[in-house]
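Heads up, the thing below is written out as C-alpha cells.
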Amino acid sequence: MKKKTKVFAAVIGGTLAGLLMLGQAGAADLKIGIMVPTTGSEATAGKDMENAIKQAVDEINKGGGVLGMKVVTMTGDDGCDPQQATAAASKLVSADVVGVVGGYCSGATLPTLKIYGDAGTPFVIAAANSTKLIDANPGTSFQINSTGFDQVNSAVGLFADKGVKKLAIVHQGDGYSEDLAKLTRDKWTAMGHEVVAYAVVNKGEQDQSSLVTKIKSKAPDAVFWTAYYSDGALLIKQLRQAGFRKLIAVGDGSNSPKLLEIAGRAAEGVYCFSNPTADYLPAAKDFTAAYKARYKQAPDAYGPLAYDGMKLMADAITRAGSTDKAAIVKALKETKDFIGITGAISFTDKNTLAKSNFVVLIAKGGKWVLNK
Amino acid sequence: MSNLDIILQQLANGLILGSFYALVALGYTMVYGIIKLLNFAHGDLYMVGGFVGFLILSAISGLLGESWGAILCSMVFSMLAVGLLGVIIQRIAYVPMLQAPRLSILITALAVSMILSNGVMAVTDGEYLAFSTDLSYDGLDLGNVFISYTQLALVIAACLLMVILYLFVHKTLYGKAMRAIAIDQDACRLMGINVNRIIALTFFIGSSLAGAAGVMAGVYYGSLHFSMGFVIGLKAFTAAVIGGIGSIPGAMLGGQVLGLLEAFGTQIPFVGSEWKDVFSFGLLILLLIFKPTGLLGKTEIERM
Amino acid sequence: MITTSAREKTGWLGWLQSQRNRMIVLMVLAAVAMVIPLVANNYMLEVLTNAWFYTVLCLGLNIVVGYAGLLDLGYAAFFAVGAYTTGILTSQFGVNFWLTIPVAVACSMLAGLIIGGPTLRLRSDYLAIVTLGFGEIVRIIARNLEITGGASGLIGIDRPSFFGIELSRGIHFYYVFLLLAILACFVSYRLQHSRLGRAWQYVREDEDAAEAMGIGRVAVKLYAYVIGAMFGGVAGCFFAVKMTAISPETFTFTQSVLILLGVVLGGMGKIPGVVIGAFALVLFPEVFRGLGSMRMLIFGIVMLIIMLYRPEGIWPQSKS
C-alpha cells in the first residue's frame with residue numbers, strides 16, 4: 001500500500017512541477033519568438049532554421065541590438081503538427097514576444113496565424129509557402145518565401161521551354177504537394193496543353209512499379225513530382241529503371257542532396273525548382289562561412305530565408321521605432337526592397353513576396369547545380 | 001505500349017511486389033499459426049533487417065566490393081541477426097504474456113513495434129539512409145516488357161527461401177513438431193516435445209525471413225527509413241489473411257494475389273491511385289467478415 | 001485485483017474508500033480546475049485545454065478498451081468523423097455550430113455501427129486489424145474527397161458563439177473542454193455502474209459464461225463501440241472549431257495509438273487513471289522538450305513494462 005501512495009504522490013508531484021515549469025518565463029529585453037519544428041519528422045529542417053535565426057540574432061546584438069535593446073529568442077516547437085503548433089504559438093504569445101519568425105510546415109503554420117492575429121503579433125513566415133496560408137492570413141503574417149503560384153510559373157515555364165506537350169503530375173497526398181500539383185495541372189491545361197496522368201503515391205510506399213508502368217503507357221514528355229525527396233527518389237529511380245528517358249522535374253520539397261544519394265545515377269539530369277539556398281546565392285557566402293564555423297555543418301535549404309526573416313524583423317522594429325506590435329506590422333507592410341541574402345524583399349497587398357526568388361536547378365554529377 | 005504489353009508488364013510488377021509481401025506474410029502466418037499471436041512488430045523486423053543489412057554491407061564492401069556476393073553475405077548475416085532479435089523479443093515480451101488476456105498481449109505487441117521503430121528513429125535521427133549499391137539497370141527486354149536482372153534475382157531468392165521453408169516444415173522433425181504444436185500445445189508437451197524451443201525456432205525463422213525481405217528491399221529500392229515497416233506490415237498481414245492465416249502456402253499465394261491486385265488496381269479507369277489503399281484495406285475487412293479462413297486456411301472453431 | 005482489495009486499506013488511500021471522502025477530493029480537484037485560468041497564462045491554458053481534450057478522447061476509447069475489453073486501433077476515425085461533420089456543415093453550408101453537434105454525434109455513432117456491426121463477431125486480434133484498416137480508410141477518404149478539402153483539409157471554420165459571446169479566446173475553450181471532460185467522467189462513471197457496465201465486465205472476463213447467462217455479447221459490444229464513437233464525435237466537433245482548420249494528417253494511426261496509450265498508461269477501465277494517462281500524454285512532451293523525439297520510444301517502453309508487470313494497468317480496477 002505504501003508503494004502505491006508513493007507512486008500516486010510522485011504522479012501528483014510531477015504534474016505540479018510540470019505546471020510550474022510551464023509557467024516559467026524569464027524577463028528579457030527584446031524577445032523574439034522562433035516557431036519551427038525541433039522535434040518530429042521535420043526536426044532537421046527546423047533546427048537548421050533555428051540555428052540560422054540565432055546566428056542573425058548574434059550578429060544583431062554585436063551591432064548594438066535593436067533600438068538599444070539586446071535581442072533574445074524563445075523557441076516554440078511546432079513539431080510539424082497542427083495541435084502542437086497551436087500550443088507553441090500560444091506559448092510564444094503568452095511570453096509576450098514582440099514578433100515571431102519561423103514557420104516550416106504549412107499545415108502546422110496554418111492554425112497559428114489566427115493566434116498571432118488575435119494577439120496582433122507580427123509573424124514573418126520564412127519557409128511555409130502553401131497558397132492556403134494566403135487566405136488564412138489575418139494581416140499580421142508575412143511570407144518571405146515565394147508561394148506555390150511562383151513555383152508553378154517557374155515549372156510551366158521550364159516545361160514550355162523544353163517543348164513538353166504531354167505532362168504527368170505525381171503528388172503524395174499531403175497538403176503541400178497536392179496544392180502544387182493542382183495549381184500546375186490547372187495552369188498547364190489553361191495554357192492549352194495536356195495532363196495525361198495525375199496520380200498519387202502513398203507516403204512510405206516503396207514499390208511504385210505499377211504506377212510507373214501506367215505513366216509510361218501514357219507516353220508523357222515530362223513527369224513532375226511535386227512532393228518530398230524521400231519518395232521522389234524512389235519514383236525517379238523506378239522510372240529510369242523502367243526505361244523512361246524523358247524529362248523529370250521535382251518541386252522544392254525534393255531539393256535535397258539525399259534525393260541524389262538515394263536515386264543514384266538515375267537522378268542525373270533531373271530538374272528541381274528551388275528556393276534560394278545558400279549554395280546558389282552569391283550574397284550568402286559570409287552567412288555560409290559563419291554558419292559552418294559555428295555549427296560545424298552546412299546550412300540546409302531554409303537557413304538563408306530564416307536568417308533573412310530575423311534580419312527583416314529587426315529592421316522593421318527599428319523602422320517602427322518602438323516595440324508596439326501594430327507599429328511593427330505596419331513597418332513590415334511598408335518594407336521596400338529590404339536587401340537580404342536571398343534577394344530583395346517587398347510585399348504584395350496580401351503580404352506575400354512581391355518578386356519570386358525561385359531558381360531552377362539541375363542534377364549534374366551527383367550534385368545540384370544552377371540550370372543555365 | 002499496347003494493352004497486352006501493359007498487362008504483361010503489370011503482371012511482372014505484381015509478381016515482384018507479391019514476392020516481398022509473401023516473404024513478410026510468412027512470418028506473420030507462422031507465428032500466428034503456432035501461438036495465435038498477431039505480431040505487430042513483424043513489419044518493424046523487416047525494417048530492422050534493412051538497416052542491419054546496410055550496416056553489414058558498408059562494413060564488408062571494402063573486402064568484397066559491392067558485388068552480388070557481398071549482398072548475399074549481408075543478407076545471410078542480417079537474417080541471423082533479425083532472427084535472433086525475434087527470439088529475444090519473444091523471450092522478453094511474449095513468453096510472460098502467453099497466459100494473459102488477448103487484449104494485453106496485443107498491446108504488448110504494439111508496444112514492441114513502437115519500441116523498434118522509434119528506437120531506430122532515435123539512432124538514425126529520423127533520416128533517410130541511401131542504400132546505394134549501384135546495381136546495373138540491365139535486364140530482360142521482352143518487347144515492351146522489361147524486367148531488370150535485379151528484379152529477377154530478387155524473385156528467385158524469394159522463391160528459393162520459400163521452397164526451403166516449405167521443405168523444412170514438411171520434411172524435417174522440427175517442422176513436424178511445429179505443425180503439431182499448432183494443433184495442440186499441451187499434447188505436444190506430454191509427448192516430450194520441447195514446446196518453448198520450437199516456438200522460439202518459429203520466431204527465429206519468421207523473423208529472419210522478414211530480415212531477408214528487408215535487405216532485398218533496401219538493395220532494390222535504395223532507401224531505408226524507420227517507418228518503412230508500417231505499410232508493408234499491414235500489407236503483408238492482409239496477404240496472410242487472404243491466403244488463410246496460419247497456412248504457409250496460403251501466405252505465398254496471398255502475397256502474390258495482393259501484389260497482382262495492387263498492380264492491376266492502378267490500371268482501373270476513373271479511379272486514381274489515391275484509392276489503392278482503400279481497396280487493399282477494404283478487401284481485408286470484407287475477407288475477415290465473410291471468409292476469415294482465407295483461400296487456403298482451414299475452418300476452425302475459435303474461442304475468443 | 002482480488003489480493004489488493006482483500007488487504008486492509010490504510011492511510012489516505014483507505015480514507016479514499018469512503019464515498020463521501022471521494023466526493024470531497026473530487027470537489028477540491030474540480031474547484032482547482034475551475035480557478036486555474038485565473039492564474040495561468042495562455043500557454044498553460046492551451047496545454048491544459050489540450051489535456052482535457054485528450055481526457056475526453058481517452059475516456060471514450062476507455063469504454064471500448066477498458067470496459068468492453070476490445071482493442072480498437074482506429075479510434076481517430078470517430079474523432080475525424082465528428083470534426084469533419086462540423087467542419088463541412090459550418091464552413092460549406094453555413095449551419096450554426098451548435099446544430100452540427102447532434103448531426104456529428106449521429107454520424108460518428110453511425111460509423112461505430114458500420115464498423116462494429118459486422119466485425120464484432122470476429123476474434124479480438126482480427127478486430128484490432130479491422131479497426132486499424134477502418135481508421136486508415138476514413139483518413140484516406142477524407143484526403144481524397146473534394147468536400148473534405150482534400151489533403152489540405154478545411155480551413156476557416158468559424159468560431160461558435162455562446163449567448164452572444166464568441167468563443168475565441170484560450171480561456172473559453174479551456175472551460176468548454178473542462179466541461180466536456182467532466183461530462184465524460186460523469187457519463188463514464190454512470191455507465192460503469194449500470195447494467196450495461198456490468199455486462200461489459202462479464203463479457204470482458206469470460207465471454208462464453210456471459211453468453212450463457214443471457215447477455216447478448218455482440219449487442220453489448222456494439223453498445224460499447226457506439227458510445228465510444230459518440231465521445232470521439234463530440235470531441236471532434238469542438239476540436240474543429242477550436243483549431244479552425246482540420247486536415248487528414250491529424251487523424252493518422254499515430255493519433256489512434258496516442259489515445260490508446262492514454263488509456264493503457266492510466267490503467268484500462270479506471271476513470272481517474274485514464275484522466276491521469278491523458279494528462280501524462282499531453283504534459284510529457286511539453287515538460288521534457290529535450291526528449292521530444294524520444295517521446296514515442298519512452299511511451300513504448302513504459303507501455304511494455306506496464307503490460308509485463310501490471311497487465312491490468314498501473315491502477316487496476318478493483319473487482320466486486
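Here, A, B, ... name the chains of the C-alpha cells in the order displayed, residue numbers run from 1 inside each chain, and ligands are numbered from 1 in the same displayed order.
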For this session: Any chance you could list, as number ranges by chain, the residues in region 141-294 of chain A that come up strand (DSSP E) when DSSP is run on the backbone?
Result: A: 141-143, 166-171, 194-200, 222-225, 247-250, 271-274
Problem set entry | Distance query Leu70 (chain C) at most 7 Å, only C-alpha atoms, self and fewer than 5 positions along chain excluded, as a ChimeraX atom specification | /B:103 /C:64-65,124
Store the residues picked out above, limited to C-alpha atoms, as a compact mmCIF listing (two decimals), in the first residue's frame.
# COMPACT_ATOMS: atom_id res chain seq x y z
CA LEU B 103 -6.04 -7.64 -25.11
CA VAL C 64 -14.26 0.21 -25.79
CA VAL C 65 -10.88 -0.95 -24.49
CA SER C 124 -10.23 -9.88 -30.93
Exercise. So which residues touch region 36-47 of chain A within 7 Å, counting only C-alpha atoms, skipping near sequence neighbours fewer than 3 positions away, as a list in words?
Worked result: Glu50, Asn51, Gly76, Asp77, Asp78, Gly79, Cys80, Gly102, Gly103, Tyr104 and Asp300 of chain A; Gly126 of chain B; Gly292 and Ser293 of chain C
Problem set entry | Exercise: Cys185 (chain C) partners within 12 Å, only C-alpha atoms, chain neighbours under 4 positions left out, as a list in words | Leu26, Ala30, Trp52, Thr55, Val56, Leu57, Cys58, Leu59, Gly60, Asn62, Ile63, Leu178, Leu179, Leu180, Ala181, Tyr189, Arg190, Leu191, Gln192, Phe231, Gly269, Lys270, Ile271, Pro272, Gly273, Val274 and Val275 of chain C
For this session: Quick one: pull the distance between CA of Phe20 (chain B) and CA of Ile71 (chain B), Å, one decimal.
Result: 16.9 Å
